[in-house]
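Notes for the one structure printed next.
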Amino acid sequence: MPQPYTVKPDSQFLRRVLDQGGADLKQCFQCATCSAVCELSRDGTPFPRKEMIWAQWGLKDRLLADPDVWLCYQCDDCSTHCPRGARPGDVLAAVRQEVIQEYAVPRFLGRWLSQPRYLPLALLVPVVLLGLAMLLRSPIEGALGISGRTSEKIIYAYSNLLPHWLLISFFGLFTVATVVAMVAGVRRFWGAMRAADPDGQALRPLWPSITAALKDIFLHSHFSRCTTEQGRSLAHLLVFYGFAALSLVAFWVVTAAINPLTPRFAYPFNFWSPWRMLANLGGLAVLAGCGLMIRDRVLRAARGGRSSYADWLLLGTVLAVVLTGLASEAAHYARWDPHRHVIYFIHLVCVFTLLMYLPYSKLAHLVYRATAMVYAIRTGRVRPAEDRGDGEPPAQSG
Amino acid sequence: MSGNGRQRTILVAGGGISGISAAIEASEAGCQVVLVEKEPYLGGRVVQMHQYFPKLCPPTCGLEINFRRLRTSPRIRCLTLAEVETIGGGPGHYQVTIRRRPRMVNRKCTACGACVEACPVERPDAFNYGMGTTRAIYLPHPMAFPLQYVIDTDACPGAECGKCVAACPYQAIDLEMQSETIQLEVQAVIWATGWEPYDASKIEGLGFGTYPNVITNVMMERLASSNGPTAGKIQRPSDGQPIQSVAFVQCAGSRDENYLKHCSGVCCMASLKQARYVREQYPDAEISIFYIDIRTPGRLEDFYSEIQKDGKVQLIKGKVAKISEDGGDLVVEAEDTLSGERVTRKVNLVVLATGIVPQGAEVRFETGGGLARDEHGFLTEEQGLSGMLPVGCAKRPSEVAGCVRDATGAALKALHICAGSGCE
């Protein structure tokens with residue numbers, strides 16, 4: 001016998017879902033075509049039909065604690081077959097955006113990034129912070145008695161603009177802040193999922209669940225099973241691995257001063273250095289992926305699909321990071337003074353924007369989705385890729 | 001009408017249950033009626049039904065009475081194989097052109113069937129929705145009215161064959177028969193052009209046309225009907241085996257903006273009725289009915305309640321979106337929205353409850369344009385005293401009883417127009 005449930009509709013939540021890309025939500029008449037056509041929907045807890053009625057009723061608590069929202073990749077199978085044009089895929093995207101904002105610490109940053117009118121302010125903050133760091137450089141250097149030019153290990157071309165130590169400490173500080181915010185969000189998310197699912201047994205231990213989830217993410221196993229928008233998983237793979245490459249190189253460079261593995265590290269790299277090539281390949285992969293994503297979104301719009309402000313904001317930021325990065329590199333090789341310093345500063349601002357807003361923007365999906373997948377695998381909602389036979393019915397775990 | 005000396009004529013386009021009812025009502029009120037039917041027989045979709053809901057009586061008994069009234073009425077002229085082509089004039093004085101295709105069989109036909117034995121050509125049996133074949137010369141169905149054979153001119157090779165002509169002992173076959181054009185002056189036109197079942201092969205994912213054991217509700221009527229292709233035995237089309245399980249898929253293509261946007265209103269009752277057909281022949285068969293909403297308005301709710309008492313009938317709230325084949329069987333997938341779990345059912349036979357598509361005559365108005373329709377293609381009634389009177393399923397999806405009531409109303413409106421034109 002299920003416990004009596006007091007419905008607590010949150011009309012503000014509903015309003016925001018409608019505004020953030022779920023505008024057709026109210027068309028839904030609960031026929032459940034969506035749950036039946038979805039390739040990723042599971043037998044015991046199919047989605048997105050239940051999410052549609054929760055969203056219609058403004059049941060924020062349920063959606064905040066629902067891992068299934070994050071198992072959807074907005075491939076449009078449901079939206080294409082929906083008999084009412086309610087576009088469940090777009091509604092789930094809007095719900096995910098709302099979940100990110102609800103779990104954001106501090107929350108106002110999430111709201112800023114969801115509304116175009118805060119865009120100038122949101123862009124100004126990283127510029128000011130980075131400018132401030134540059135202004136404070138001399139006083140700090142004076143106080144600590146250090147100089148950006150003292151490093152013998154690194155011949156840093158832009159060190160007169162931003163010395164290496166400042167770059168490391170500035171980005172390091174905000175990386176830590178980002179991680180703290182994400183951990184706080186994930187803890188609340190995990191707790192909510194556990195509380196909403198009192199019967200959900202841990203069928204699998206945590207670590208194997210994490211490995212299974214990571215494997216799925218690295219291979220995009222679930223993502224690539226979407227049929228209507230097949231191109232999406234390829235575009236995402238390009239961006240994903242491009243970013244992985246760029247992050248790896250950036251990490252290598254930033255930690256060079258304290259990394260015992262790099263005694264003879266020379267920066268800037270030679271153009272044919274493997275690191276430089278990896279970074280360039282990564283940048284081009286992200287660029288190609290973004291191109292595909294923009295094309296897909298434009299084509300989807302022609303078929304009635306919705307892209308939200310958050311979608312375009314993230315896509316724009318990522319594109320800005322890569323384009324300014326490549327431009328900065330080109331300007332560097334061309335020795336285009338003093339413009340290359342300006343371009344480099346813009347590039348740093350873009351990278352910093354992406355980093356500092358990670359827990360508040362759509363980019364937070366990388367953490368929430370991974371968390372939801374670990375939870376889903378652990379509780380048996382989703383079977384990891386290696387368990388799946390070729391179209392065989394699910395094996396009953398005994 | 002009879003009082004003012006001028007002859008009043010009403011044209012009824014469509015000889016299904018709506019058109020027949022309207023024609024009889026108008027004629028019995030004293031009006032001349034021309035009944036035009038494009039098929040070679042009267043009765044429309046209802047003669048293809050096994051039983052009517054909710055009383056489960058065969059359509060034959062009602063039709064027999066109506067056919068007798070038609071036959072005995074001196075004021076009704078029936079034109080089969082005929083369609084309205086153009087209309088001119090206005091309310092009270094329409095000039096109508098009717099084109100009549102040749103039957104190739106004249107009134108001397110006694111329906112003895114000697115021609116069929118001689119005919120070498122087979123054609124798909126449209127009356128049985130393509131389940132089975134007939135010869136190129138055929139009797140549409142045993143209860144056909146008029147009881148006259150007809151030649152499918154698309155299938156028949158014509159005079160070069162001529163075997164039927166030789167075989168006919170009554171000189172009833174005339175392969176030289178030509179189509180003719182008939183001009184009429186009428187006071188009002190009742191549009192009883194009826195409906196056709198939605199083409200289920202357009203629906204993605206349900207496998208109609210690919211899997212032989214996925215059939216539509218209208219095909220189920222033919223399977224259950226004693227004059228159908230299986231002589232009334234409900235069996236699997238693929239191998240003729242009896243069935244142990246059947247799934248009814250409601251709203252197959254209906255209430256769906258990708259296919260047919262409207263609710264056809266009768267498919268819920270049709271499937272519940274067909275569940276009874278299955279139960280009559282198979283006391284132990286497992287019957288699953290997948291639905292979005294069961295719509296059984298008014299007293300029809302009682303029929304629904306009766307079915308719910310059947311322990312082996314399962315009503316599952318959730319639309320079927322996927323059907324796949326497994327051997328000859330079919331795997332039906334849906335979400336049961338009441339339990340919130342996904343349901344997969346393996347069954348011997350799937351019946352798609354396809355909807356009603358309005359069938360309007362492609363008539364040309366001399367003033368330009370055609371009949372007024374709504375967004376779904378149903379004919380719309382014009383405001384005021386218009387002489388264009390849509391009725392029955394051409395106007396909105398309806399069950400037989402509703403069509404008959406509607407036809408009576410339309411006949412009365414037509415009589416008004418006639419009376420009005422007489423008072424000018």
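Here, A, B, ... name the chains of the structure tokens in the order displayed, residue numbers run from 1 inside each chain, and ligands are numbered from 1 in the same displayed order.
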* Please return, as an NGL selection string, all residues of chain B lying within 6 Å of chain A when only C-alpha atoms are considered. => :B and (256-257 or 292 or 318-319 or 321 or 334-335 or 341-342)
Would you save the residues of that selection, restricted to C-alpha atoms, as a PDB file, in the first residue's frame?
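New file result_31.pdb:
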ATOM      1  CA  ASP B 256      -2.387  11.731 -32.986  1.00  0.00           C
ATOM      2  CA  GLU B 257      -1.287  14.871 -34.782  1.00  0.00           C
ATOM      3  CA  ILE B 292      -5.481   5.987 -23.632  1.00  0.00           C
ATOM      4  CA  GLY B 318      -1.172   3.036 -22.068  1.00  0.00           C
ATOM      5  CA  LYS B 319      -0.828   3.517 -25.781  1.00  0.00           C
ATOM      6  CA  ALA B 321       3.929   2.437 -29.585  1.00  0.00           C
ATOM      7  CA  ALA B 334       3.447  -0.061 -23.842  1.00  0.00           C
ATOM      8  CA  GLU B 335       3.691   1.595 -20.476  1.00  0.00           C
ATOM      9  CA  GLU B 341       5.733  -0.122 -15.413  1.00  0.00           C
ATOM     10  CA  ARG B 342       6.498  -1.116 -18.927  1.00  0.00           C
TER      11      ARG B 342
END
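Here the DSSP assignment of alpha helix (DSSP H), based on backbone atoms, applies within range 99-150 of chain B to Ala114, Cys115, Val116, Glu117 and Ala118 of chain B.
Nearest residue to Trp70 in chain A among A:Ser328, A:Ser224, A:Gln97, A:Gln56 is A:Gln97, counting only C-alpha atoms.
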* Asked: Which residues in range 174-261 of chain B does DSSP call strand (DSSP E)? List them as an MDAnalysis selection string.
  -> chainID B and resid 180:186 188:191 195:197 214:216 245:249
For the residues selected in the previous step, produce a file with C-alpha atoms as an mmCIF file, in the first residue's frame.
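So selection.cif came out as:
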data_model
loop_
_atom_site.group_PDB
_atom_site.id
_atom_site.type_symbol
_atom_site.label_atom_id
_atom_site.label_comp_id
_atom_site.auth_asym_id
_atom_site.auth_seq_id
_atom_site.Cartn_x
_atom_site.Cartn_y
_atom_site.Cartn_z
ATOM 1 C CA GLU B 180 -23.363 7.669 -68.667
ATOM 2 C CA THR B 181 -23.934 11.187 -67.456
ATOM 3 C CA ILE B 182 -27.188 12.102 -65.786
ATOM 4 C CA GLN B 183 -28.466 15.661 -65.346
ATOM 5 C CA LEU B 184 -30.876 16.444 -62.560
ATOM 6 C CA GLU B 185 -32.599 19.432 -61.009
ATOM 7 C CA VAL B 186 -32.909 19.028 -57.245
ATOM 8 C CA ALA B 188 -31.467 19.976 -51.751
ATOM 9 C CA VAL B 189 -28.522 17.612 -51.479
ATOM 10 C CA ILE B 190 -27.894 15.370 -48.493
ATOM 11 C CA TRP B 191 -24.228 14.431 -48.303
ATOM 12 C CA TRP B 195 -16.073 7.244 -44.088
ATOM 13 C CA GLU B 196 -13.164 4.991 -44.777
ATOM 14 C CA PRO B 197 -10.872 3.307 -42.283
ATOM 15 C CA VAL B 214 -1.518 -7.361 -37.308
ATOM 16 C CA ILE B 215 -4.984 -6.544 -38.614
ATOM 17 C CA THR B 216 -7.364 -3.615 -38.304
ATOM 18 C CA SER B 245 -4.294 -14.382 -27.120
ATOM 19 C CA VAL B 246 -5.171 -11.137 -28.792
ATOM 20 C CA ALA B 247 -4.244 -7.511 -28.171
ATOM 21 C CA PHE B 248 -6.457 -4.608 -29.151
ATOM 22 C CA VAL B 249 -4.511 -1.415 -29.789
#
* Can you list, as a ChimeraX atom specification, every protein, DNA or RNA residue that comes within 7 Å of range 122-136 of chain B when you count only C-alpha atoms, leaving out same-chain residues fewer than 6 positions away? -> /B:116,151-152,155-156,219,222,228-229
* Nearby residues (only C-alpha atoms) at most 10 Å from Leu59 in chain A, same-chain spacing under 2 positions excluded, as a list in words -> Val7, Lys8, Pro9, Asp10, Ser11, Phe13, Leu14, Glu51, Ile53, Trp54, Ala55, Gln56, Trp57, Asp61, Arg62, Leu63 and Leu64 of chain A
Write out, as a PDB file, in the first residue's frame, the residues just selected, with C-alpha atoms.
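The new file selection.pdb reads:
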ATOM      1  CA  VAL A   7       0.787  17.049  -3.613  1.00  0.00           C
ATOM      2  CA  LYS A   8       2.792  20.229  -3.265  1.00  0.00           C
ATOM      3  CA  PRO A   9       2.621  21.972  -6.624  1.00  0.00           C
ATOM      4  CA  ASP A  10       5.247  24.633  -7.221  1.00  0.00           C
ATOM      5  CA  SER A  11       3.862  26.985  -9.834  1.00  0.00           C
ATOM      6  CA  PHE A  13       8.957  25.752 -10.915  1.00  0.00           C
ATOM      7  CA  LEU A  14       6.349  24.953 -13.550  1.00  0.00           C
ATOM      8  CA  GLU A  51       8.106  13.115 -15.557  1.00  0.00           C
ATOM      9  CA  ILE A  53       2.776  14.642 -15.296  1.00  0.00           C
ATOM     10  CA  TRP A  54       5.107  15.571 -12.435  1.00  0.00           C
ATOM     11  CA  ALA A  55       6.191  18.629 -14.395  1.00  0.00           C
ATOM     12  CA  GLN A  56       2.592  19.498 -15.322  1.00  0.00           C
ATOM     13  CA  TRP A  57       1.693  19.425 -11.643  1.00  0.00           C
ATOM     14  CA  ASP A  61      10.547  17.602  -5.265  1.00  0.00           C
ATOM     15  CA  ARG A  62       9.933  14.513  -7.364  1.00  0.00           C
ATOM     16  CA  LEU A  63      11.828  15.800 -10.373  1.00  0.00           C
ATOM     17  CA  LEU A  64      14.767  16.991  -8.275  1.00  0.00           C
TER      18      LEU A  64
END
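Of the listed residues A:Val374, A:Val91, A:Ala301, A:Cys78, the one whose atoms come nearest to Lys26 in chain A is A:Val91, with distances taken using only C-alpha atoms.
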* What lies within 9 Å of Arg297 in chain A using only C-alpha atoms, ignoring chain neighbours under 5 positions off, as a PyMOL selection string? -> chain A and resi 292+302+305-307
Keeping only N, CA and C atoms, write those residues as an mmCIF file, in the first residue's frame.
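Result file is part.cif:
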data_model
loop_
_atom_site.group_PDB
_atom_site.id
_atom_site.type_symbol
_atom_site.label_atom_id
_atom_site.label_comp_id
_atom_site.auth_asym_id
_atom_site.auth_seq_id
_atom_site.Cartn_x
_atom_site.Cartn_y
_atom_site.Cartn_z
ATOM 1 N N LEU A 292 28.678 20.554 -35.610
ATOM 2 C CA LEU A 292 27.609 19.562 -35.781
ATOM 3 C C LEU A 292 26.429 19.869 -34.862
ATOM 4 N N ALA A 302 13.715 23.361 -37.190
ATOM 5 C CA ALA A 302 12.837 23.296 -38.360
ATOM 6 C C ALA A 302 11.764 22.222 -38.170
ATOM 7 N N GLY A 305 11.622 21.345 -32.842
ATOM 8 C CA GLY A 305 12.392 21.156 -31.622
ATOM 9 C C GLY A 305 12.801 22.483 -31.022
ATOM 10 N N ARG A 306 12.915 22.496 -29.707
ATOM 11 C CA ARG A 306 13.273 23.731 -29.031
ATOM 12 C C ARG A 306 14.688 23.644 -28.475
ATOM 13 N N SER A 307 15.431 24.719 -28.594
ATOM 14 C CA SER A 307 16.706 24.845 -27.909
ATOM 15 C C SER A 307 16.553 26.004 -26.948
#
* Selection near range 228-243 of chain A, 9 Å with only C-alpha atoms, sequence-local residues under 2 positions removed, as a PyMOL selection string -> chain A and resi 73-78+80+218-220+223-226+245-248+278-279+281-293+296+300
* Leaving out range 67-83 of chain B and any residue of its chain fewer than 4 positions from it, which residues lie within 8 Å of it when counting only C-alpha atoms, given as a list in words? -> Ala13, Ile20, Ala23, Ile24, Ser27, Glu28, Gly30, Cys31, Gln32, Val33, Val34, Leu35, Val36, Glu37, Lys38, Glu39, Pro40, Tyr41, Leu42, Leu63, Ile98, Arg99, Arg100, Arg101, Pro102, Arg103, Phe145 and Ala361 of chain B
How would the residues just chosen look if you wrote them out with C-alpha atoms as a short mmCIF file (atom, residue, chain, number, x, y, z; two decimals), in the first residue's frame?
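Saved to result-v5.cif:
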data_model
loop_
_atom_site.label_atom_id
_atom_site.label_comp_id
_atom_site.auth_asym_id
_atom_site.auth_seq_id
_atom_site.Cartn_x
_atom_site.Cartn_y
_atom_site.Cartn_z
CA ALA B 13 -25.15 11.26 -52.12
CA ILE B 20 -30.55 5.06 -46.94
CA ALA B 23 -33.70 8.78 -48.51
CA ILE B 24 -36.44 6.65 -46.96
CA SER B 27 -39.53 9.77 -49.65
CA GLU B 28 -42.02 8.58 -47.08
CA GLY B 30 -43.73 12.54 -50.00
CA CYS B 31 -40.60 13.80 -51.68
CA GLN B 32 -38.88 12.44 -54.79
CA VAL B 33 -35.43 11.10 -53.93
CA VAL B 34 -32.45 10.16 -56.06
CA LEU B 35 -30.00 8.01 -54.10
CA VAL B 36 -26.52 7.91 -55.57
CA GLU B 37 -23.97 5.31 -54.45
CA LYS B 38 -20.50 4.90 -55.86
CA GLU B 39 -20.17 1.20 -54.94
CA PRO B 40 -22.14 -1.41 -56.88
CA TYR B 41 -24.30 -2.10 -53.80
CA LEU B 42 -26.11 -0.16 -51.09
CA LEU B 63 -30.92 -3.43 -43.57
CA ILE B 98 -23.99 12.56 -62.04
CA ARG B 99 -21.59 10.17 -63.69
CA ARG B 100 -22.50 6.53 -63.65
CA ARG B 101 -19.93 3.85 -64.37
CA PRO B 102 -21.03 0.76 -66.30
CA ARG B 103 -21.96 -2.32 -64.28
CA PHE B 145 -28.76 -4.79 -52.99
CA ALA B 361 -17.28 13.47 -52.69
#
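Relative to CA of Trp252 in chain A, CA of Trp272 in chain A is found at 16.7 Å.
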